[in-house]
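> Okay, here's the structure, questions in a sec.
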Amino acid sequence: MKKPKKLLAIVLALAGVLLVVKAQEHDFSVIISKGERPALAVPDLRGDAQAQAFMGALNSTLWSDLDGGGIFKMVPKTMYPTAVPQQPSDFRMPPPVNNTPPVRGRKAQPPPPQSGGGLWMADWSGPPPQATYLVMGYAAVQNGLFVLRGWLIDLRRDTPANAQVLGKTYIEPLDEAGARKGAHEFAADILALFGAKSLFGSHIYFVRELRAPPNRLTEIWAMDADGKNQKQVTHYNSNSAQPAVSPDGTKIAFVSWVRGNPGIFIFSVDPVRDLRFYNQRGASVTATPSFTPDGKQLVFMSSSGGCCQIDIANLDGGNMRPITASSVINAEPKVNPKTGAEIAFVSGRSGPQQIYRMNMDGADVERLSDGTGEASNPAWHPDGQTLAFAWTRGFATGAFNVFIMDVASRQYNQLTHGEGKNENPSWAPDGKHLVFASTRSGRSQIWSMLANGTQLQQLTTQGSNLSPVWGK
């Protein structure tokens, strides 16, 4: 039985490779460079009798991934024609309609074709959908595997043969997770044609409150970028918080009170394993860890030299040394991921907490936020030029909102606007999305959004969840 499955996988994979080559003939950069948003129609894909049970999960995942990419104008499904083609061979040019009598002295014009009810390209490119691209496909169960065939059609082309810019086969396990994976991969291939990165495969780590005060219990959890597959990572039956992810996504650092005083722990992600960070004796407070861009060191807040300064150490806790030395609290250090030469951090040296930057040796300290309100939770964009952070500017004390700032010019943009407390922003690997914690729906939950504040999506609903960080 194994041999036919392998053969089927090889044959279908080769077919997908041959079909995807056609995408090389089309230049998508022209559309993106002009700032236009291609109109994308994504009708629900259908499956055979065995695959149909998983099509709801597939279709919702496919739509969510493409919509979340932030580069398409998604055509509402209410505007779609009644008939939906499943593959390019389903297209049929309708017969022409010629109700116009010829006019004497004018050259006869070819009559326009009538509507195909959805089975012709013009049915999708014309009103009401007016789509630029059409996604089509179907799923079937073959030899116990979930097989998805997917196409992207450029509706600006003259024939279905010329319009096919992507055609590929995805072979996955026969379950809902397999259907979702196929949808993620199909969407990722479409986004890649337009120069966009898919968030499929990235993970969000966060803190879940399993028991409220006075006997509070929190643990570190993880989930996929779309909020699926939420899993508990730590099982200390204590308070664990402040997760950070290594640049390559293979490790997480966090703080736990399992040994009494708060200490730093480092885990490998796959498999989950304690990598044993040595916490210096005499430090009653150790908190807010963050990895350096090379993934070989941690910067963190520590009371080893007086409360509370920023230190740096190797991943095993060795070679620990201070970066700051002042009589005020300095916390939440984040090293610029692009340059590795500067640190953004939070300090109360000018009064209420504000965002500052300094060199890696602690020199050239300067304030980035303007001194009003309270500012915290700095997070570098992957390009090393922009910071996301939480700020109470214009709001009552403690009423944080998410802002982004161009560090060079100090120009900022407010992304959330007073709907509960919004804090702990973290950039996605694509640099286009942010994840953050918000109380807008009641208890603190994890949300994601585009970096312009649009396309808000609630990712958690159970319990109280906070302090998210997005990793590869």
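Letters A, B, ... mark the chains of the structure tokens in the order given; residue numbers begin at 1 per chain; ligand numbers begin at 1, in order shown.
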I need the residues in region 181-351 of chain A that are alpha helix (DSSP H) according to DSSP; give them as a VMD selection string.
chain A and resid 181 to 193
> Just N, CA, C and O atoms for this one: save the residues we selected as a PDB file, in the first residue's frame.

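Saved the output as out-v7.pdb:
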ATOM      1  N   LYS A 181      -3.415  22.714   6.005  1.00  0.00           N
ATOM      2  CA  LYS A 181      -2.040  22.839   5.528  1.00  0.00           C
ATOM      3  C   LYS A 181      -2.012  23.039   4.013  1.00  0.00           C
ATOM      4  O   LYS A 181      -1.256  23.856   3.490  1.00  0.00           O
ATOM      5  N   GLY A 182      -2.839  22.284   3.288  1.00  0.00           N
ATOM      6  CA  GLY A 182      -2.918  22.466   1.852  1.00  0.00           C
ATOM      7  C   GLY A 182      -3.364  23.869   1.480  1.00  0.00           C
ATOM      8  O   GLY A 182      -2.830  24.488   0.552  1.00  0.00           O
ATOM      9  N   ALA A 183      -4.349  24.397   2.220  1.00  0.00           N
ATOM     10  CA  ALA A 183      -4.819  25.763   1.976  1.00  0.00           C
ATOM     11  C   ALA A 183      -3.723  26.780   2.269  1.00  0.00           C
ATOM     12  O   ALA A 183      -3.534  27.749   1.516  1.00  0.00           O
ATOM     13  N   HIS A 184      -3.002  26.582   3.379  1.00  0.00           N
ATOM     14  CA  HIS A 184      -1.898  27.486   3.717  1.00  0.00           C
ATOM     15  C   HIS A 184      -0.849  27.508   2.605  1.00  0.00           C
ATOM     16  O   HIS A 184      -0.362  28.570   2.210  1.00  0.00           O
ATOM     17  N   GLU A 185      -0.497  26.334   2.095  1.00  0.00           N
ATOM     18  CA  GLU A 185       0.547  26.257   1.074  1.00  0.00           C
ATOM     19  C   GLU A 185       0.083  26.856  -0.251  1.00  0.00           C
ATOM     20  O   GLU A 185       0.857  27.518  -0.948  1.00  0.00           O
ATOM     21  N   PHE A 186      -1.173  26.634  -0.614  1.00  0.00           N
ATOM     22  CA  PHE A 186      -1.737  27.221  -1.833  1.00  0.00           C
ATOM     23  C   PHE A 186      -1.732  28.739  -1.722  1.00  0.00           C
ATOM     24  O   PHE A 186      -1.291  29.451  -2.632  1.00  0.00           O
ATOM     25  N   ALA A 187      -2.190  29.265  -0.596  1.00  0.00           N
ATOM     26  CA  ALA A 187      -2.196  30.714  -0.392  1.00  0.00           C
ATOM     27  C   ALA A 187      -0.779  31.273  -0.402  1.00  0.00           C
ATOM     28  O   ALA A 187      -0.530  32.350  -0.960  1.00  0.00           O
ATOM     29  N   ALA A 188       0.165  30.542   0.193  1.00  0.00           N
ATOM     30  CA  ALA A 188       1.551  31.007   0.225  1.00  0.00           C
ATOM     31  C   ALA A 188       2.126  31.122  -1.176  1.00  0.00           C
ATOM     32  O   ALA A 188       2.856  32.070  -1.496  1.00  0.00           O
ATOM     33  N   ASP A 189       1.792  30.169  -2.045  1.00  0.00           N
ATOM     34  CA  ASP A 189       2.275  30.222  -3.432  1.00  0.00           C
ATOM     35  C   ASP A 189       1.682  31.408  -4.179  1.00  0.00           C
ATOM     36  O   ASP A 189       2.357  32.052  -4.988  1.00  0.00           O
ATOM     37  N   ILE A 190       0.413  31.715  -3.921  1.00  0.00           N
ATOM     38  CA  ILE A 190      -0.220  32.872  -4.568  1.00  0.00           C
ATOM     39  C   ILE A 190       0.425  34.165  -4.082  1.00  0.00           C
ATOM     40  O   ILE A 190       0.781  35.042  -4.869  1.00  0.00           O
ATOM     41  N   LEU A 191       0.582  34.292  -2.777  1.00  0.00           N
ATOM     42  CA  LEU A 191       1.190  35.503  -2.216  1.00  0.00           C
ATOM     43  C   LEU A 191       2.614  35.694  -2.731  1.00  0.00           C
ATOM     44  O   LEU A 191       3.048  36.817  -3.000  1.00  0.00           O
ATOM     45  N   ALA A 192       3.349  34.596  -2.876  1.00  0.00           N
ATOM     46  CA  ALA A 192       4.734  34.693  -3.339  1.00  0.00           C
ATOM     47  C   ALA A 192       4.819  35.279  -4.743  1.00  0.00           C
ATOM     48  O   ALA A 192       5.796  35.965  -5.078  1.00  0.00           O
ATOM     49  N   LEU A 193       3.822  35.028  -5.581  1.00  0.00           N
ATOM     50  CA  LEU A 193       3.816  35.587  -6.934  1.00  0.00           C
ATOM     51  C   LEU A 193       3.788  37.110  -6.915  1.00  0.00           C
ATOM     52  O   LEU A 193       4.247  37.756  -7.857  1.00  0.00           O
TER      53      LEU A 193
END
> DSSP on the backbone: what in region 133-295 of chain A comes out strand (DSSP E), as a PyMOL selection string?
chain A and resi 133-142+145-154+164-173+203-211+217-224+231-232+240-245+251-256+263-268+273-274+286-291
> Kindly assemble as a Markdown table a list of the region 407-433 of chain A residues that lie within 12 Å of region 58-78 of chain A, each paired with its nearest atom pair and their distance in Å to one decimal, using only C-alpha atoms, sorted first by chain and then by ascending residue number.

| residue | atom | partner | partner_atom | distance |
| --- | --- | --- | --- | --- |
| A:Ala428 | CA | A:Gly69 | CA | 11.6 |
| A:Asp430 | CA | A:Gly69 | CA | 9.4 |
| A:Gly431 | CA | A:Gly69 | CA | 11.1 |
| A:Lys432 | CA | A:Gly70 | CA | 7.9 |
| A:His433 | CA | A:Gly68 | CA | 8.7 |
> Quick check, in Å to one decimal: how far apart do CA of Lys231 (chain A) and CA of Gly471 (chain A) lie?
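Pair CA of Lys231 (chain A) / CA of Gly471 (chain A) returns 15.2 Å.
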> Using only C-alpha atoms, determine which residues lie at most 7 Å from region 268-272 of chain A, disregarding the query and same-chain residues fewer than 6 positions distant; provide the list as a ChimeraX atom specification.
/A:250-252
> Would you mind telling me which residue in A:Cys308, A:Trp380, A:Ser240, A:Gln142 lies nearest to Leu210 (chain A) when using only C-alpha atoms?
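Nearest candidate to Leu210 (chain A) out of A:Cys308, A:Trp380, A:Ser240, A:Gln142: A:Ser240.
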> Could you check which of A:Thr460, A:Ala287, A:Ala161, A:Asn413 is closest to Gln230 (chain A), using only C-alpha atoms?
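Closest candidate: A:Thr460.
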> Which residue gives the smallest distance to Thr416 (chain A) among A:Gln445, A:Thr454, A:Lys472, A:Asp383, with only C-alpha atoms counted?
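Of the candidates, the smallest distance to Thr416 (chain A) is held by A:Thr454.
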> Do a neighbour search on Ser284 (chain A) at 9 Å with only C-alpha atoms, toss out local chain neighbours closer than 6 positions, and write the hits as a ChimeraX atom specification.
/A:261-263,302-304,307
> Write out as a CSV table (one decimal) with all heavy atoms, in the first residue's frame the residues lying within 12 Å of Ala212 (chain A), counting only C-alpha atoms and excluding same-chain residues fewer than 5 positions away.

chain,number,residue,atom,x,y,z
A,217,LEU,N,-2.0,31.9,38.4
A,217,LEU,CA,-1.2,30.9,37.7
A,217,LEU,C,-1.1,31.2,36.2
A,217,LEU,O,-2.2,31.3,35.6
A,217,LEU,CB,-1.7,29.5,37.9
A,217,LEU,CG,-1.1,28.3,37.1
A,217,LEU,CD1,0.3,28.2,37.4
A,217,LEU,CD2,-1.9,27.0,37.3
A,218,THR,N,0.1,31.4,35.7
A,218,THR,CA,0.2,31.7,34.2
A,218,THR,C,1.2,30.7,33.6
A,218,THR,O,2.2,30.4,34.3
A,218,THR,CB,0.6,33.1,34.0
A,218,THR,OG1,1.9,33.4,34.6
A,218,THR,CG2,-0.4,34.1,34.5
A,239,ASN,N,4.0,30.8,38.0
A,239,ASN,CA,3.8,32.0,37.1
A,239,ASN,C,5.0,32.0,36.1
A,239,ASN,O,6.1,32.2,36.5
A,239,ASN,CB,3.7,33.3,37.9
A,239,ASN,CG,2.4,33.4,38.5
A,239,ASN,OD1,1.3,33.2,37.9
A,239,ASN,ND2,2.3,33.9,39.8
A,443,ARG,N,-12.0,40.6,28.7
A,443,ARG,CA,-10.7,40.1,29.2
A,443,ARG,C,-9.6,40.3,28.2
A,443,ARG,O,-9.9,40.3,27.0
A,443,ARG,CB,-10.8,38.6,29.7
A,443,ARG,CG,-11.9,38.4,30.7
A,443,ARG,CD,-12.1,36.9,31.1
A,443,ARG,NE,-10.9,36.5,31.9
A,443,ARG,CZ,-10.9,35.2,32.3
A,443,ARG,NH1,-11.8,34.3,32.1
A,443,ARG,NH2,-9.8,34.9,33.1
A,463,GLY,N,-10.1,32.1,28.4
A,463,GLY,CA,-9.4,32.7,29.5
A,463,GLY,C,-8.9,34.1,29.2
A,463,GLY,O,-9.4,34.8,28.4
A,464,SER,N,-7.8,34.4,29.9
A,464,SER,CA,-7.1,35.7,29.7
A,464,SER,C,-5.8,35.5,29.1
A,464,SER,O,-5.0,34.7,29.6
A,464,SER,CB,-7.1,36.5,31.1
A,464,SER,OG,-6.5,37.7,30.9
A,465,ASN,N,-5.4,36.2,28.1
A,465,ASN,CA,-4.2,36.0,27.3
A,465,ASN,C,-3.5,37.3,27.1
A,465,ASN,O,-4.1,38.3,26.8
A,465,ASN,CB,-4.5,35.3,26.0
A,465,ASN,CG,-5.2,34.0,26.2
A,465,ASN,OD1,-4.7,33.0,26.5
A,465,ASN,ND2,-6.6,34.1,26.1
> For a test of reading the model, state the distance in Å between CA of Ser238 (chain A) and CA of Val258 (chain A), rounded to one decimal.
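The value is 5.3 Å.
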